[in-house]
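Structure, as structure tokens:
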Amino acid sequence: MNRRGLLALMAALPFANAAQAQIAGGRLVVHDDLTLVHAAPRKISVWLPPGYEASDQAYPVLYMHDGQNLFDAATANFGEWGVDEHLQRLIANGQVRAPIVVGVWNTDLRLREYVPADLIAALPDDMRADVQAIYGGAPLSDGYVRFLAEELKPFIDRTYRTLPGRDDTTVSGSSMGGLISMYAVMKRPDVFSAAACLSTHWPLKVEGLQAGPQLDAWRERLVAAWTGVIERGLPAPGSHRFYFDRGDETLDQFYAAFQGQVDQTFRRRGYGPGDFRSLVFPGAQHNEASWNSRLDVPLTFLLSPVPQEEARHA
């Protein structure tokens, strides 16, 4: 059976009989339709690094959103990230610590699960309904973060050889997945030590507002509300780390002003080069191909073999 056929078979198996597949430089285990209390049922893909079975070593864990897009084009609607290929090479070159990667598949509630509830709640009353409508309804992100921290992580720690502490637990995603990655660290700094947020999808417009002074004023109010929540909600610098990036084409070209305000917010809170990074990749677009092309950078940020205390003072 070819690789696509094997993945299709895996997707049909029940959760109790997790399917396994050999992929580039490691092994993929798919847990099907995990039943949850705090979020909708979904699949979970777990990538085990090369050498996992041959040792008794415990591994750091990287949780990644939009899990169907991470490992194989057969399960990705818009292209894959190639996480397994990137990590195989980075591990072999000694550039990162070998992790277990947990890919959390999205559902048709993706936008509501990924938009931070605290950010919606902080909006002025006359803006909240319009912004919330962009995401299709009331936020479900607090439940989603509880699922990550209180349901999924304990299951992963029971099932696999993990390093369960905060310093060895990180989270990453792109677009709306970038928003929820930042929010996960803000809401559960006891669980997650770092987030990598690629092409973070900050709100761009509301129906009925045309380009010009009215839209500019609307955005100013939204940015002020959201950066205020971020500034108040960030954990103290020194024990947590954040990575942001963006391109300058397609949807990414519109993020500069908002991301710039977010960057200033982190710096006001005392985040410096060792625990905060915000990069621009000229020519990069808002798609999986672009995220794949630069994935080495956030993976190295999250999984650097350099001891964290040394990295913060580098």
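In the structure tokens, chains take the letters A, B, ... in the order shown, each chain's residues start at 1, and ligands count up from 1 in the order shown.
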Find the residues near A:Phe242: any atom within 7 Å, counting only C-alpha atoms, skip ones fewer than 2 places away on the same chain, and give them as an NGL selection string.
-> :A and (194-196 or 244 or 275-277)
Return as a tab-separated table the residues of stretch 59-146 of chain A lying at most 12 Å from stretch 24-44 of chain A, together with the closest atom-to-atom pair for each and the distance in Å to one decimal, counting only C-alpha atoms, with rows in chain order and ascending residue number.
```
residue	atom	partner	partner_atom	distance
A:Tyr63	CA	A:Ile44	CA	10.2
A:Met64	CA	A:Ile44	CA	10.1
A:His65	CA	A:Ile44	CA	9.9
A:Asp66	CA	A:Ile44	CA	9.9
A:Gly67	CA	A:Ile44	CA	7.1
A:Gln68	CA	A:Lys43	CA	8.4
A:Asn69	CA	A:Ile44	CA	11.7
A:Leu70	CA	A:Leu28	CA	11.0
A:Phe71	CA	A:Leu28	CA	8.5
A:Asp72	CA	A:Ala24	CA	9.8
A:Thr75	CA	A:Lys43	CA	11.4
A:Gly82	CA	A:Ala24	CA	9.1
A:Val83	CA	A:Ala24	CA	9.3
A:Asp84	CA	A:Ala24	CA	5.8
A:Glu85	CA	A:Ala24	CA	5.8
A:His86	CA	A:Ala24	CA	9.3
A:Leu87	CA	A:Gly25	CA	8.1
A:Gln88	CA	A:Gly25	CA	5.3
A:Arg89	CA	A:Gly25	CA	8.5
A:Leu90	CA	A:Gly25	CA	10.9
A:Ile91	CA	A:Gly25	CA	9.8
A:Ala92	CA	A:Gly25	CA	9.8
A:Ala98	CA	A:Gly26	CA	10.6
A:Pro99	CA	A:Gly26	CA	10.8
A:Ile100	CA	A:Gly26	CA	9.8
A:Val101	CA	A:Leu28	CA	9.4
A:Val102	CA	A:Ile44	CA	6.9
A:Gly103	CA	A:Ile44	CA	5.7
A:Val104	CA	A:Ile44	CA	5.0
A:Trp105	CA	A:Lys43	CA	5.5
A:Asn106	CA	A:Arg42	CA	7.1
A:Thr107	CA	A:Arg42	CA	6.9
A:Asp108	CA	A:Ala40	CA	9.4
A:Leu109	CA	A:Ala40	CA	8.1
A:Arg110	CA	A:Ala40	CA	10.0
A:Arg112	CA	A:Ala39	CA	10.9
A:Glu113	CA	A:Ala39	CA	8.3
A:Tyr114	CA	A:Ala39	CA	11.5
A:Pro139	CA	A:Ala39	CA	11.7
A:Leu140	CA	A:Ala39	CA	8.0
A:Ser141	CA	A:Ala39	CA	8.9
A:Asp142	CA	A:His38	CA	8.6
A:Gly143	CA	A:His38	CA	4.8
A:Tyr144	CA	A:Ala39	CA	5.4
A:Val145	CA	A:His38	CA	8.4
A:Arg146	CA	A:His38	CA	6.3
```
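With distances restricted to only C-alpha atoms, A:Leu198 is the closest residue to A:Ser290 from A:Leu222, A:Leu152, A:Leu198, A:Val171.
Shortest atom-to-atom contact with A:Gly178 among A:Pro237, A:Pro116, A:Pro49, A:Pro60: A:Pro116, counting only C-alpha atoms.
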Would you please give, as a VMD selection string, all residues of stretch 111-301 of chain A that DSSP assigns to helix (DSSP H, G or I) based on the backbone?
-> chain A and resid 111 to 114 117 to 121 125 to 134 141 to 159 166 to 168 176 to 187 213 to 233 250 to 254 256 to 268 288 to 293 296 to 301
Restricting to only C-alpha atoms, whichever of A:Phe266, A:Tyr243, A:Tyr271, A:Phe254 is closest to A:Thr300 is A:Tyr243
Quick one: which stretch 129-227 of chain A residues come within 12 Å of stretch 292-295 of chain A, and what is the nearest atom pair for each with the distance in Å to one decimal, counting only C-alpha atoms, rows ordered by chain and ascending number, as CSV?
```
residue,atom,partner,partner_atom,distance
A:Ser172,CA,A:Leu295,CA,10.8
A:Gly173,CA,A:Leu295,CA,10.9
A:Ser174,CA,A:Leu295,CA,10.8
A:Ala196,CA,A:Leu295,CA,10.1
A:Cys197,CA,A:Leu295,CA,11.1
A:Leu198,CA,A:Leu295,CA,9.1
A:Ser199,CA,A:Arg294,CA,11.4
```
Using N, CA, C and O atoms, can you export the residues from the last selection as an mmCIF file, in the first residue's frame?
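And here is the file that came out, out-v2.cif:
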```
data_model
loop_
_atom_site.group_PDB
_atom_site.id
_atom_site.type_symbol
_atom_site.label_atom_id
_atom_site.label_comp_id
_atom_site.auth_asym_id
_atom_site.auth_seq_id
_atom_site.Cartn_x
_atom_site.Cartn_y
_atom_site.Cartn_z
ATOM 1 N N SER A 172 2.576 25.949 18.559
ATOM 2 C CA SER A 172 2.810 26.711 17.331
ATOM 3 C C SER A 172 1.633 26.577 16.382
ATOM 4 O O SER A 172 0.903 25.576 16.390
ATOM 5 N N GLY A 173 1.472 27.597 15.532
ATOM 6 C CA GLY A 173 0.463 27.559 14.495
ATOM 7 C C GLY A 173 0.615 28.740 13.561
ATOM 8 O O GLY A 173 1.423 29.641 13.794
ATOM 9 N N SER A 174 -0.173 28.735 12.488
ATOM 10 C CA SER A 174 -0.117 29.810 11.502
ATOM 11 C C SER A 174 -1.487 30.447 11.346
ATOM 12 O O SER A 174 -2.520 29.832 11.630
ATOM 13 N N ALA A 196 5.272 29.824 18.815
ATOM 14 C CA ALA A 196 5.709 30.314 17.515
ATOM 15 C C ALA A 196 4.462 30.595 16.689
ATOM 16 O O ALA A 196 3.663 29.694 16.438
ATOM 17 N N CYS A 197 4.313 31.850 16.267
ATOM 18 C CA CYS A 197 3.097 32.329 15.617
ATOM 19 C C CYS A 197 3.468 32.816 14.220
ATOM 20 O O CYS A 197 4.073 33.883 14.068
ATOM 21 N N LEU A 198 3.120 32.050 13.199
ATOM 22 C CA LEU A 198 3.476 32.364 11.826
ATOM 23 C C LEU A 198 2.310 33.061 11.138
ATOM 24 O O LEU A 198 1.172 32.596 11.211
ATOM 25 N N SER A 199 2.589 34.195 10.480
ATOM 26 C CA SER A 199 1.559 34.933 9.733
ATOM 27 C C SER A 199 0.299 35.108 10.574
ATOM 28 O O SER A 199 -0.821 34.820 10.128
#
```
Using only C-alpha atoms, find each residue of stretch 57-92 of chain A with at least one atom at most 10 Å away from an atom of stretch 160-169 of chain A; report its shortest atom-to-atom pair and that distance in Å (one decimal), sort the rows by chain and rising residue number, and return the result as a Markdown table.
```
| residue | atom | partner | partner_atom | distance |
| --- | --- | --- | --- | --- |
| A:Gln57 | CA | A:Arg161 | CA | 7.0 |
| A:Ala58 | CA | A:Arg161 | CA | 4.7 |
| A:Tyr59 | CA | A:Thr162 | CA | 4.7 |
| A:Pro60 | CA | A:Asp168 | CA | 4.7 |
| A:Val61 | CA | A:Thr169 | CA | 5.1 |
| A:Leu62 | CA | A:Thr169 | CA | 6.0 |
| A:Tyr63 | CA | A:Thr169 | CA | 7.7 |
```
File dump, residues just selected, all heavy atoms, as a PDB file, in the first residue's frame:
```pdb
ATOM      1  N   GLN A  57      14.573   7.252  26.183  1.00  0.00           N
ATOM      2  CA  GLN A  57      14.680   8.695  26.335  1.00  0.00           C
ATOM      3  C   GLN A  57      13.300   9.341  26.414  1.00  0.00           C
ATOM      4  O   GLN A  57      12.338   8.885  25.790  1.00  0.00           O
ATOM      5  CB  GLN A  57      15.449   9.281  25.138  1.00  0.00           C
ATOM      6  CG  GLN A  57      15.583  10.793  25.129  1.00  0.00           C
ATOM      7  CD  GLN A  57      16.314  11.294  23.889  1.00  0.00           C
ATOM      8  OE1 GLN A  57      16.914  10.495  23.157  1.00  0.00           O
ATOM      9  NE2 GLN A  57      16.255  12.585  23.649  1.00  0.00           N
ATOM     10  N   ALA A  58      13.192  10.421  27.187  1.00  0.00           N
ATOM     11  CA  ALA A  58      11.981  11.236  27.210  1.00  0.00           C
ATOM     12  C   ALA A  58      12.211  12.487  26.366  1.00  0.00           C
ATOM     13  O   ALA A  58      13.346  12.984  26.268  1.00  0.00           O
ATOM     14  CB  ALA A  58      11.622  11.619  28.639  1.00  0.00           C
ATOM     15  N   TYR A  59      11.138  13.007  25.763  1.00  0.00           N
ATOM     16  CA  TYR A  59      11.263  14.060  24.754  1.00  0.00           C
ATOM     17  C   TYR A  59      10.419  15.284  25.093  1.00  0.00           C
ATOM     18  O   TYR A  59       9.329  15.164  25.664  1.00  0.00           O
ATOM     19  CB  TYR A  59      10.802  13.525  23.388  1.00  0.00           C
ATOM     20  CG  TYR A  59      11.675  12.429  22.842  1.00  0.00           C
ATOM     21  CD1 TYR A  59      11.458  11.105  23.204  1.00  0.00           C
ATOM     22  CD2 TYR A  59      12.718  12.705  21.956  1.00  0.00           C
ATOM     23  CE1 TYR A  59      12.249  10.080  22.708  1.00  0.00           C
ATOM     24  CE2 TYR A  59      13.508  11.684  21.444  1.00  0.00           C
ATOM     25  CZ  TYR A  59      13.274  10.381  21.821  1.00  0.00           C
ATOM     26  OH  TYR A  59      14.064   9.367  21.323  1.00  0.00           O
ATOM     27  N   PRO A  60      10.896  16.481  24.706  1.00  0.00           N
ATOM     28  CA  PRO A  60      10.023  17.653  24.763  1.00  0.00           C
ATOM     29  C   PRO A  60       8.871  17.475  23.788  1.00  0.00           C
ATOM     30  O   PRO A  60       8.951  16.673  22.851  1.00  0.00           O
ATOM     31  CB  PRO A  60      10.950  18.801  24.341  1.00  0.00           C
ATOM     32  CG  PRO A  60      12.008  18.157  23.507  1.00  0.00           C
ATOM     33  CD  PRO A  60      12.208  16.787  24.098  1.00  0.00           C
ATOM     34  N   VAL A  61       7.805  18.238  23.984  1.00  0.00           N
ATOM     35  CA  VAL A  61       6.614  18.101  23.148  1.00  0.00           C
ATOM     36  C   VAL A  61       6.250  19.455  22.544  1.00  0.00           C
ATOM     37  O   VAL A  61       6.165  20.466  23.256  1.00  0.00           O
ATOM     38  CB  VAL A  61       5.420  17.551  23.944  1.00  0.00           C
ATOM     39  CG1 VAL A  61       4.211  17.372  23.021  1.00  0.00           C
ATOM     40  CG2 VAL A  61       5.777  16.226  24.608  1.00  0.00           C
ATOM     41  N   LEU A  62       6.038  19.442  21.231  1.00  0.00           N
ATOM     42  CA  LEU A  62       5.566  20.613  20.499  1.00  0.00           C
ATOM     43  C   LEU A  62       4.142  20.332  20.031  1.00  0.00           C
ATOM     44  O   LEU A  62       3.901  19.382  19.277  1.00  0.00           O
ATOM     45  CB  LEU A  62       6.472  20.891  19.299  1.00  0.00           C
ATOM     46  CG  LEU A  62       5.969  21.892  18.249  1.00  0.00           C
ATOM     47  CD1 LEU A  62       5.701  23.250  18.872  1.00  0.00           C
ATOM     48  CD2 LEU A  62       6.972  22.005  17.099  1.00  0.00           C
ATOM     49  N   TYR A  63       3.193  21.152  20.495  1.00  0.00           N
ATOM     50  CA  TYR A  63       1.801  21.048  20.060  1.00  0.00           C
ATOM     51  C   TYR A  63       1.588  22.016  18.903  1.00  0.00           C
ATOM     52  O   TYR A  63       1.931  23.200  18.998  1.00  0.00           O
ATOM     53  CB  TYR A  63       0.851  21.381  21.222  1.00  0.00           C
ATOM     54  CG  TYR A  63       0.884  20.339  22.312  1.00  0.00           C
ATOM     55  CD1 TYR A  63       1.839  20.392  23.327  1.00  0.00           C
ATOM     56  CD2 TYR A  63      -0.021  19.281  22.314  1.00  0.00           C
ATOM     57  CE1 TYR A  63       1.885  19.424  24.324  1.00  0.00           C
ATOM     58  CE2 TYR A  63       0.011  18.310  23.308  1.00  0.00           C
ATOM     59  CZ  TYR A  63       0.972  18.382  24.302  1.00  0.00           C
ATOM     60  OH  TYR A  63       1.021  17.413  25.279  1.00  0.00           O
TER      61      TYR A  63
END
```
Show which residues sit within 12 Å of A:Gly283, as number ranges by chain. Count only C-alpha atoms, and ignore same-chain residues fewer than 2 positions away.
-> A: 246-253, 280-281, 285-287, 289-291, 293-294
Got time to write the residues from that selection, N, CA and C atoms, as a PDB file, in the first residue's frame?
```pdb
ATOM      1  N   ARG A 246       5.936  37.107   9.518  1.00  0.00           N
ATOM      2  CA  ARG A 246       4.963  37.390   8.467  1.00  0.00           C
ATOM      3  C   ARG A 246       5.707  37.551   7.155  1.00  0.00           C
ATOM      4  N   GLY A 247       4.969  37.401   6.055  1.00  0.00           N
ATOM      5  CA  GLY A 247       5.490  37.738   4.748  1.00  0.00           C
ATOM      6  C   GLY A 247       5.074  39.150   4.370  1.00  0.00           C
ATOM      7  N   ASP A 248       5.193  39.465   3.088  1.00  0.00           N
ATOM      8  CA  ASP A 248       4.749  40.782   2.635  1.00  0.00           C
ATOM      9  C   ASP A 248       3.927  40.699   1.350  1.00  0.00           C
ATOM     10  N   GLU A 249       3.388  39.515   1.071  1.00  0.00           N
ATOM     11  CA  GLU A 249       2.530  39.348  -0.090  1.00  0.00           C
ATOM     12  C   GLU A 249       1.214  38.688   0.331  1.00  0.00           C
ATOM     13  N   THR A 250       0.224  38.715  -0.565  1.00  0.00           N
ATOM     14  CA  THR A 250      -1.134  38.233  -0.323  1.00  0.00           C
ATOM     15  C   THR A 250      -1.630  38.773   1.027  1.00  0.00           C
ATOM     16  N   LEU A 251      -2.299  37.956   1.826  1.00  0.00           N
ATOM     17  CA  LEU A 251      -2.893  38.448   3.066  1.00  0.00           C
ATOM     18  C   LEU A 251      -1.853  39.006   4.037  1.00  0.00           C
ATOM     19  N   ASP A 252      -0.653  38.455   4.008  1.00  0.00           N
ATOM     20  CA  ASP A 252       0.386  38.895   4.952  1.00  0.00           C
ATOM     21  C   ASP A 252       0.756  40.361   4.791  1.00  0.00           C
ATOM     22  N   GLN A 253       0.555  40.924   3.611  1.00  0.00           N
ATOM     23  CA  GLN A 253       0.969  42.310   3.391  1.00  0.00           C
ATOM     24  C   GLN A 253       0.187  43.290   4.260  1.00  0.00           C
ATOM     25  N   VAL A 280      10.282  39.420   9.330  1.00  0.00           N
ATOM     26  CA  VAL A 280       9.585  39.604   8.065  1.00  0.00           C
ATOM     27  C   VAL A 280      10.342  38.832   6.991  1.00  0.00           C
ATOM     28  N   PHE A 281       9.608  38.072   6.174  1.00  0.00           N
ATOM     29  CA  PHE A 281      10.201  37.300   5.090  1.00  0.00           C
ATOM     30  C   PHE A 281       9.723  37.873   3.758  1.00  0.00           C
ATOM     31  N   GLN A 285       4.143  34.495   1.143  1.00  0.00           N
ATOM     32  CA  GLN A 285       2.697  34.645   1.055  1.00  0.00           C
ATOM     33  C   GLN A 285       2.018  33.980   2.251  1.00  0.00           C
ATOM     34  N   HIS A 286       0.702  34.109   2.259  1.00  0.00           N
ATOM     35  CA  HIS A 286      -0.081  33.542   3.360  1.00  0.00           C
ATOM     36  C   HIS A 286      -0.564  32.152   2.944  1.00  0.00           C
ATOM     37  N   ASN A 287       0.348  31.185   2.952  1.00  0.00           N
ATOM     38  CA  ASN A 287      -0.017  29.827   2.556  1.00  0.00           C
ATOM     39  C   ASN A 287       0.986  28.824   3.104  1.00  0.00           C
ATOM     40  N   ALA A 289       2.864  26.672   1.601  1.00  0.00           N
ATOM     41  CA  ALA A 289       4.155  26.617   0.916  1.00  0.00           C
ATOM     42  C   ALA A 289       5.145  27.602   1.529  1.00  0.00           C
ATOM     43  N   SER A 290       4.674  28.793   1.866  1.00  0.00           N
ATOM     44  CA  SER A 290       5.556  29.787   2.484  1.00  0.00           C
ATOM     45  C   SER A 290       5.934  29.385   3.899  1.00  0.00           C
ATOM     46  N   TRP A 291       4.972  28.843   4.650  1.00  0.00           N
ATOM     47  CA  TRP A 291       5.288  28.416   6.014  1.00  0.00           C
ATOM     48  C   TRP A 291       6.277  27.248   5.992  1.00  0.00           C
ATOM     49  N   SER A 293       8.540  26.774   3.731  1.00  0.00           N
ATOM     50  CA  SER A 293       9.845  27.245   3.276  1.00  0.00           C
ATOM     51  C   SER A 293      10.674  27.869   4.391  1.00  0.00           C
ATOM     52  N   ARG A 294      10.020  28.395   5.433  1.00  0.00           N
ATOM     53  CA  ARG A 294      10.761  29.052   6.521  1.00  0.00           C
ATOM     54  C   ARG A 294      10.615  28.344   7.856  1.00  0.00           C
TER      55      ARG A 294
END
```
What separates atom CA of A:Lys187 and atom CA of A:Val131 is a distance of 21.3 Å
Any idea what the distance is between atom CA of A:Leu179 and atom CA of A:Asp263?
-> 13.9 Å
Give the answer as one residue: which of A:Phe258, A:Phe78, A:Phe301, A:Trp202 has the shortest atom-to-atom distance to A:Ile134, using only C-alpha atoms?
-> A:Trp202
Find, counting only C-alpha atoms, the residue in A:Glu53, A:Pro305, A:Gly233, A:Pro203 that gets nearest to A:Ala133.
->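 Closest residue, counting only C-alpha atoms: A:Pro203.
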Excluding same-chain residues fewer than 5 positions from A:Val223, what lies within 10 Å of it counting only C-alpha atoms, as a list in words?
->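 That gives Leu123, Trp202, Pro203, Ala217, Trp218, Gly228, Val229, Ala257, Phe258, Gln259, Gln261 and Val262 of chain A.
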Could you pull out the strand (DSSP E) residues of stretch 174-269 of chain A from DSSP and send them as a count of residues only?
-> 13
